[in-house]
$ cat structure.pdb   # PDB, C-alpha atoms, pLDDT in the B column
MODEL        1
ATOM      1  CA  MET A 704       0.000   0.000   0.000  1.00 64.00           C
ATOM      2  CA  ARG A 705       2.918   2.365   0.660  1.00 78.00           C
ATOM      3  CA  LEU A 706       3.890   2.085  -3.014  1.00 74.00           C
ATOM      4  CA  LEU A 707       0.412   3.172  -4.056  1.00 82.00           C
ATOM      5  CA  PHE A 708       0.058   6.180  -1.784  1.00 90.00           C
ATOM      6  CA  PRO A 709       2.299   8.820  -3.453  1.00 91.00           C
ATOM      7  CA  PRO A 710       1.021   8.330  -7.025  1.00 93.00           C
ATOM      8  CA  LEU A 711      -2.547   7.893  -5.790  1.00 93.00           C
ATOM      9  CA  ALA A 712      -2.458  11.063  -3.713  1.00 94.00           C
ATOM     10  CA  ALA A 713      -0.869  12.953  -6.598  1.00 94.00           C
ATOM     11  CA  MET A 714      -3.419  11.670  -9.101  1.00 94.00           C
ATOM     12  CA  THR A 715      -6.430  12.415  -6.916  1.00 93.00           C
ATOM     13  CA  GLY A 716      -5.200  15.863  -5.962  1.00 94.00           C
ATOM     14  CA  LEU A 717      -4.246  16.811  -9.509  1.00 95.00           C
ATOM     15  CA  VAL A 718      -7.581  15.764 -11.016  1.00 94.00           C
ATOM     16  CA  ALA A 719      -9.654  17.461  -8.308  1.00 94.00           C
ATOM     17  CA  LEU A 720      -7.573  20.647  -8.510  1.00 95.00           C
ATOM     18  CA  SER A 721      -7.760  20.626 -12.307  1.00 95.00           C
ATOM     19  CA  ASN A 722     -11.537  20.284 -12.193  1.00 94.00           C
ATOM     20  CA  VAL A 723     -11.774  23.368 -10.022  1.00 95.00           C
ATOM     21  CA  LEU A 724      -9.292  25.344 -12.113  1.00 96.00           C
ATOM     22  CA  VAL A 725     -10.874  24.410 -15.474  1.00 96.00           C
ATOM     23  CA  GLN A 726     -13.843  26.581 -14.501  1.00 94.00           C
ATOM     24  CA  TYR A 727     -11.639  29.685 -14.752  1.00 95.00           C
ATOM     25  CA  PRO A 728     -10.642  30.572 -18.321  1.00 94.00           C
ATOM     26  CA  LEU A 729      -7.510  32.619 -18.892  1.00 95.00           C
ATOM     27  CA  SER A 730      -8.717  33.432 -22.395  1.00 95.00           C
ATOM     28  CA  ASP A 731     -10.873  31.867 -25.113  1.00 94.00           C
ATOM     29  CA  TRP A 732      -8.012  29.393 -25.616  1.00 95.00           C
ATOM     30  CA  LEU A 733      -6.952  28.223 -22.174  1.00 96.00           C
ATOM     31  CA  THR A 734      -8.138  27.590 -18.617  1.00 96.00           C
ATOM     32  CA  TRP A 735      -6.096  27.376 -15.433  1.00 96.00           C
ATOM     33  CA  GLY A 736      -6.747  23.628 -15.378  1.00 95.00           C
ATOM     34  CA  ALA A 737      -4.457  23.206 -18.369  1.00 95.00           C
ATOM     35  CA  PHE A 738      -1.489  23.800 -16.105  1.00 95.00           C
ATOM     36  CA  THR A 739      -2.205  21.034 -13.607  1.00 95.00           C
ATOM     37  CA  TYR A 740      -3.973  18.173 -15.401  1.00 94.00           C
ATOM     38  CA  PRO A 741      -1.108  17.170 -17.752  1.00 94.00           C
ATOM     39  CA  LEU A 742       0.887  16.113 -14.698  1.00 95.00           C
ATOM     40  CA  CYS A 743      -1.518  13.155 -14.428  1.00 95.00           C
ATOM     41  CA  PHE A 744       0.114  11.628 -17.502  1.00 95.00           C
ATOM     42  CA  LEU A 745       3.524  11.950 -15.846  1.00 94.00           C
ATOM     43  CA  VAL A 746       2.195  10.180 -12.720  1.00 95.00           C
ATOM     44  CA  THR A 747       0.648   7.385 -14.800  1.00 95.00           C
ATOM     45  CA  ASP A 748       3.732   6.911 -16.961  1.00 95.00           C
ATOM     46  CA  LEU A 749       6.160   6.871 -14.044  1.00 93.00           C
ATOM     47  CA  THR A 750       3.967   4.375 -12.192  1.00 94.00           C
ATOM     48  CA  ASN A 751       3.781   2.232 -15.322  1.00 94.00           C
ATOM     49  CA  ARG A 752       7.569   2.363 -15.844  1.00 93.00           C
ATOM     50  CA  MET A 753       8.438   1.645 -12.198  1.00 90.00           C
ATOM     51  CA  HIS A 754       5.697  -0.782 -11.187  1.00 92.00           C
ATOM     52  CA  GLY A 755       4.115  -2.048 -14.405  1.00 94.00           C
ATOM     53  CA  PRO A 756       0.751  -1.657 -16.102  1.00 97.00           C
ATOM     54  CA  ALA A 757      -1.286  -3.477 -13.440  1.00 96.00           C
ATOM     55  CA  MET A 758      -0.198  -1.006 -10.750  1.00 94.00           C
ATOM     56  CA  ALA A 759      -0.715   1.929 -13.129  1.00 96.00           C
ATOM     57  CA  ARG A 760      -4.283   0.755 -13.801  1.00 96.00           C
ATOM     58  CA  ARG A 761      -4.925   0.504 -10.048  1.00 95.00           C
ATOM     59  CA  ILE A 762      -3.773   4.102  -9.638  1.00 95.00           C
ATOM     60  CA  VAL A 763      -6.085   5.140 -12.481  1.00 95.00           C
ATOM     61  CA  TYR A 764      -9.136   3.311 -11.071  1.00 95.00           C
ATOM     62  CA  VAL A 765      -8.738   4.417  -7.474  1.00 93.00           C
ATOM     63  CA  GLY A 766      -7.674   7.928  -8.478  1.00 90.00           C
ATOM     64  CA  PHE A 767     -10.715   8.103 -10.758  1.00 89.00           C
ATOM     65  CA  ALA A 768     -13.149   7.195  -7.972  1.00 93.00           C
ATOM     66  CA  ALA A 769     -11.620   9.547  -5.415  1.00 93.00           C
ATOM     67  CA  ALA A 770     -11.286  12.429  -7.869  1.00 90.00           C
ATOM     68  CA  VAL A 771     -14.886  12.145  -9.084  1.00 90.00           C
ATOM     69  CA  VAL A 772     -16.197  12.341  -5.512  1.00 94.00           C
ATOM     70  CA  LEU A 773     -13.986  15.332  -4.739  1.00 93.00           C
ATOM     71  CA  SER A 774     -14.894  16.991  -8.044  1.00 92.00           C
ATOM     72  CA  ILE A 775     -18.617  16.717  -7.325  1.00 93.00           C
ATOM     73  CA  LEU A 776     -17.979  18.539  -4.056  1.00 94.00           C
ATOM     74  CA  LEU A 777     -15.458  21.086  -5.360  1.00 93.00           C
ATOM     75  CA  ALA A 778     -16.577  21.714  -8.955  1.00 93.00           C
ATOM     76  CA  THR A 779     -19.908  20.709 -10.509  1.00 93.00           C
ATOM     77  CA  PRO A 780     -21.548  17.342 -11.180  1.00 94.00           C
ATOM     78  CA  ARG A 781     -21.288  17.980 -14.943  1.00 96.00           C
ATOM     79  CA  ILE A 782     -17.557  18.681 -14.738  1.00 95.00           C
ATOM     80  CA  ALA A 783     -17.090  15.687 -12.431  1.00 94.00           C
ATOM     81  CA  ALA A 784     -18.916  13.357 -14.853  1.00 95.00           C
ATOM     82  CA  ALA A 785     -17.100  14.704 -17.923  1.00 96.00           C
ATOM     83  CA  SER A 786     -13.784  14.540 -16.129  1.00 95.00           C
ATOM     84  CA  GLY A 787     -14.403  11.029 -14.861  1.00 94.00           C
ATOM     85  CA  LEU A 788     -15.249   9.634 -18.289  1.00 96.00           C
ATOM     86  CA  ALA A 789     -12.434  11.503 -20.042  1.00 96.00           C
ATOM     87  CA  PHE A 790      -9.889  10.669 -17.343  1.00 95.00           C
ATOM     88  CA  LEU A 791     -10.727   6.967 -17.181  1.00 95.00           C
ATOM     89  CA  THR A 792     -10.712   6.538 -20.962  1.00 97.00           C
ATOM     90  CA  ALA A 793      -7.560   8.583 -21.587  1.00 97.00           C
ATOM     91  CA  GLN A 794      -5.513   7.223 -18.694  1.00 97.00           C
ATOM     92  CA  LEU A 795      -6.341   3.572 -19.425  1.00 97.00           C
ATOM     93  CA  LEU A 796      -5.397   4.177 -23.057  1.00 98.00           C
ATOM     94  CA  ASP A 797      -2.183   5.845 -21.855  1.00 97.00           C
ATOM     95  CA  VAL A 798      -1.323   2.762 -19.781  1.00 98.00           C
ATOM     96  CA  THR A 799      -1.942   0.434 -22.743  1.00 98.00           C
ATOM     97  CA  VAL A 800       0.022   2.484 -25.287  1.00 98.00           C
ATOM     98  CA  PHE A 801       2.891   3.006 -22.830  1.00 97.00           C
ATOM     99  CA  ASP A 802       3.066  -0.697 -22.025  1.00 97.00           C
ATOM    100  CA  ARG A 803       3.154  -1.682 -25.691  1.00 97.00           C
ATOM    101  CA  MET A 804       5.984   0.787 -26.334  1.00 97.00           C
ATOM    102  CA  ARG A 805       7.951   0.284 -23.103  1.00 94.00           C
ATOM    103  CA  HIS A 806      10.867  -1.512 -24.796  1.00 95.00           C
ATOM    104  CA  ARG A 807      11.566   1.253 -27.286  1.00 95.00           C
ATOM    105  CA  ALA A 808      13.782   4.263 -26.622  1.00 94.00           C
ATOM    106  CA  TRP A 809      13.026   5.690 -23.151  1.00 93.00           C
ATOM    107  CA  TRP A 810      11.213   8.783 -24.475  1.00 95.00           C
ATOM    108  CA  GLN A 811       8.914   7.152 -27.035  1.00 97.00           C
ATOM    109  CA  ALA A 812       6.462   5.471 -24.659  1.00 96.00           C
ATOM    110  CA  PRO A 813       5.763   8.499 -22.438  1.00 96.00           C
ATOM    111  CA  LEU A 814       5.541  10.888 -25.379  1.00 97.00           C
ATOM    112  CA  ALA A 815       3.264   8.762 -27.562  1.00 97.00           C
ATOM    113  CA  SER A 816       1.005   7.610 -24.718  1.00 97.00           C
ATOM    114  CA  SER A 817       0.647  11.145 -23.340  1.00 97.00           C
ATOM    115  CA  MET A 818      -0.131  12.634 -26.755  1.00 97.00           C
ATOM    116  CA  ILE A 819      -2.751  10.002 -27.608  1.00 97.00           C
ATOM    117  CA  GLY A 820      -4.263  10.111 -24.112  1.00 97.00           C
ATOM    118  CA  SER A 821      -4.335  13.918 -24.196  1.00 97.00           C
ATOM    119  CA  ALA A 822      -6.180  13.980 -27.515  1.00 97.00           C
ATOM    120  CA  ILE A 823      -8.871  11.619 -26.196  1.00 97.00           C
ATOM    121  CA  ASP A 824      -9.095  13.359 -22.818  1.00 97.00           C
ATOM    122  CA  THR A 825      -9.416  16.820 -24.343  1.00 97.00           C
ATOM    123  CA  THR A 826     -12.045  15.792 -26.889  1.00 97.00           C
ATOM    124  CA  LEU A 827     -14.218  13.971 -24.361  1.00 97.00           C
ATOM    125  CA  PHE A 828     -13.853  16.427 -21.495  1.00 97.00           C
ATOM    126  CA  PHE A 829     -14.456  19.717 -23.281  1.00 96.00           C
ATOM    127  CA  SER A 830     -17.325  18.444 -25.427  1.00 96.00           C
ATOM    128  CA  LEU A 831     -19.106  16.925 -22.405  1.00 97.00           C
ATOM    129  CA  ALA A 832     -18.301  19.576 -19.804  1.00 96.00           C
ATOM    130  CA  PHE A 833     -18.871  22.759 -21.790  1.00 95.00           C
ATOM    131  CA  TYR A 834     -20.955  22.061 -24.912  1.00 95.00           C
ATOM    132  CA  GLY A 835     -24.029  24.277 -24.846  1.00 94.00           C
ATOM    133  CA  THR A 836     -22.837  26.380 -21.907  1.00 94.00           C
ATOM    134  CA  GLY A 837     -21.949  29.490 -23.866  1.00 93.00           C
ATOM    135  CA  LEU A 838     -18.247  29.026 -23.197  1.00 93.00           C
ATOM    136  CA  PRO A 839     -16.013  28.775 -26.274  1.00 95.00           C
ATOM    137  CA  TRP A 840     -15.448  25.067 -25.607  1.00 95.00           C
ATOM    138  CA  LEU A 841     -13.943  24.314 -29.018  1.00 96.00           C
ATOM    139  CA  THR A 842     -11.212  26.943 -28.770  1.00 97.00           C
ATOM    140  CA  LEU A 843     -10.655  25.989 -25.118  1.00 96.00           C
ATOM    141  CA  ALA A 844     -10.212  22.369 -26.239  1.00 97.00           C
ATOM    142  CA  ILE A 845      -7.748  23.340 -28.984  1.00 97.00           C
ATOM    143  CA  GLY A 846      -5.718  25.513 -26.622  1.00 97.00           C
ATOM    144  CA  ASP A 847      -5.806  22.824 -23.954  1.00 96.00           C
ATOM    145  CA  PHE A 848      -4.565  20.141 -26.340  1.00 97.00           C
ATOM    146  CA  LEU A 849      -1.777  22.360 -27.669  1.00 97.00           C
ATOM    147  CA  TRP A 850      -0.643  23.004 -24.096  1.00 96.00           C
ATOM    148  CA  LYS A 851      -0.838  19.283 -23.240  1.00 96.00           C
ATOM    149  CA  ALA A 852       1.279  18.448 -26.314  1.00 96.00           C
ATOM    150  CA  THR A 853       3.852  21.056 -25.284  1.00 97.00           C
ATOM    151  CA  PHE A 854       3.758  19.798 -21.714  1.00 95.00           C
ATOM    152  CA  ALA A 855       4.277  16.184 -22.850  1.00 95.00           C
ATOM    153  CA  LEU A 856       7.512  17.299 -24.495  1.00 96.00           C
ATOM    154  CA  LEU A 857       8.578  19.350 -21.473  1.00 96.00           C
ATOM    155  CA  MET A 858       7.892  16.465 -19.074  1.00 94.00           C
ATOM    156  CA  LEU A 859      10.307  14.147 -20.869  1.00 95.00           C
ATOM    157  CA  LEU A 860      13.201  15.534 -18.842  1.00 94.00           C
ATOM    158  CA  PRO A 861      11.535  15.058 -15.417  1.00 92.00           C
ATOM    159  CA  PHE A 862      10.344  11.616 -16.565  1.00 92.00           C
ATOM    160  CA  ARG A 863      13.899  10.643 -17.469  1.00 92.00           C
ATOM    161  CA  LEU A 864      15.290  12.010 -14.221  1.00 91.00           C
ATOM    162  CA  MET A 865      12.704  10.193 -12.078  1.00 88.00           C
ATOM    163  CA  MET A 866      12.625   6.832 -13.829  1.00 75.00           C
ATOM    164  CA  PRO A 867      14.866   3.999 -12.740  1.00 68.00           C
ATOM    165  CA  VAL A 868      17.666   3.456 -15.225  1.00 53.00           C
ATOM    166  CA  THR A 869      18.605  -0.044 -16.289  1.00 42.00           C
ATOM    167  CA  ALA A 870      21.651  -0.912 -18.347  1.00 35.00           C
ATOM    168  CA  SER A 871      19.561  -1.508 -21.490  1.00 45.00           C
ATOM    169  CA  GLN A 872      17.790   1.840 -21.100  1.00 43.00           C
ATOM    170  CA  ALA A 873      21.021   3.738 -20.475  1.00 42.00           C
ATOM    171  CA  ALA A 874      22.397   2.461 -23.775  1.00 42.00           C
ATOM    172  CA  ARG A 875      19.520   4.017 -25.719  1.00 46.00           C
TER     173      ARG A 875
ENDMDL
END
$ encode --input "structure.pdb" --output "structure tokens"
Amino acid sequence: MRLLFPPLAAMTGLVALSNVLVQYPLSDWLTWGAFTYPLCFLVTDLTNRMHGPAMARRIVYVGFAAAVVLSILLATPRIAAASGLAFLTAQLLDVTVFDRMRHRAWWQAPLASSMIGSAIDTTLFFSLAFYGTGLPWLTLAIGDFLWKATFALLMLLPFRLMMPVTASQAAR
């Protein structure tokens, strides 16, 4: 259980915080939530690299349940539902893509899985959470995805620094 606590606490806190912050647009292209949510992909990918896909899925499932409950209390039921569906779908896809690519160069699995997961997450979340609300959900989704793609690239360095290095990985 001690192995699960840090990534689980990080995942739950990041999703709940992101669901509060997504309600505050910076512009027609970005919300404050764009700055916190992409860290979830880093948590998932590090858990997957260090402990395998089964542990990463556990973090996703338990983090999903805890974050949805917190998001209902801290945000809105609509945001909580949209976030829950988008998070669960995107993070489970991230785990699968990462696992299938884990034996390639160290940077390929986290980059590809985060980009694919981000595209799914953004599409599902913004269309479900904000369609019909009067907010410019399409431009918010585009801006959010562009930030997530940038963030996925930026997080390669912290990913590399935090992942355990084996002899075969060091050679790549």
$ closest_residue --input "structure.pdb" --among "A:Leu843, A:Leu857, A:Ala852, A:Leu814" --to "A:Leu733" --atoms "only C-alpha atoms"
A:Leu843
$ atom_distance --input "structure.pdb" --atom1 "atom CA of A:Ile845" --atom2 "atom CA of A:Ser817"
15.8 Å
$ resolve_selection --input "structure.pdb" --expression "the PyMOL selection byres ((chain A and resi 738) around 12)" --output "VMD selection string"
chain A and resid 717 to 718 720 to 725 727 to 729 733 to 737 739 to 743 846 to 855
$ axis_aligned_box --input "structure.pdb" --around "stretch 813-816 of chain A" --padding-each-side "4 Å" --output "JSON"
{"center_x": 3.4, "center_y": 9.2, "center_z": -25.0, "size_x": 12.8, "size_y": 11.3, "size_z": 13.1}
$ resolve_selection --input "structure.pdb" --expression "the PyMOL selection byres ((chain A and resi 830) around 12)" --output "list in words"
Arg781, Ile782, Ala784, Ala785, Ser786, Leu788, Ala789, Ile823, Asp824, Thr825, Thr826, Leu827, Phe828, Phe829, Leu831, Ala832, Phe833, Tyr834, Gly835, Thr836, Leu838, Pro839, Trp840, Leu841, Thr842, Leu843, Ala844 and Ile845 of chain A
$ residues_around --input "structure.pdb" --residues "A:Gln794" --least-positions-apart "6" --cutoff "10 Å" --atoms "only C-alpha atoms" --output "MDAnalysis selection string"
chainID A and resid 743:744 747:748 759:760 762:764 767 800 816:817 819:821 823:824
$ closest_residue --input "structure.pdb" --among "A:Met714, A:Arg803, A:Arg752, A:Gln726" --to "A:Met865" --atoms "all atoms listed in the file"
A:Arg752
$ atom_distance --input "structure.pdb" --atom1 "atom CA of A:Ala793" --atom2 "atom CA of A:Ser774"
17.5 Å
$ atom_distance --input "structure.pdb" --atom1 "atom CA of A:Ala770" --atom2 "atom CA of A:Trp809"
29.5 Å
$ resolve_selection --input "structure.pdb" --expression "the PyMOL selection byres ((chain A and resi 801) around 8)" --output "VMD selection string"
chain A and resid 748 751 797 to 800 802 to 805 812 to 813 815 to 816
$ write_last_selection --input "structure.pdb" --atoms "C-alpha atoms" --output "compact mmCIF listing (two decimals), keeping the file's coordinate frame"
# COMPACT_ATOMS: atom_id res chain seq x y z
CA ASP A 748 3.73 6.91 -16.96
CA ASN A 751 3.78 2.23 -15.32
CA ASP A 797 -2.18 5.84 -21.86
CA VAL A 798 -1.32 2.76 -19.78
CA THR A 799 -1.94 0.43 -22.74
CA VAL A 800 0.02 2.48 -25.29
CA ASP A 802 3.07 -0.70 -22.02
CA ARG A 803 3.15 -1.68 -25.69
CA MET A 804 5.98 0.79 -26.33
CA ARG A 805 7.95 0.28 -23.10
CA ALA A 812 6.46 5.47 -24.66
CA PRO A 813 5.76 8.50 -22.44
CA ALA A 815 3.26 8.76 -27.56
CA SER A 816 1.00 7.61 -24.72
$ closest_residue --input "structure.pdb" --among "A:Gly787, A:Pro780, A:Gly837, A:Gly716" --to "A:Val746" --atoms "all atoms listed in the file"
A:Gly716
$ closest_residue --input "structure.pdb" --among "A:Thr792, A:Leu749, A:Met818, A:Leu711" --to "A:Val765" --atoms "all atoms listed in the file"
A:Leu711
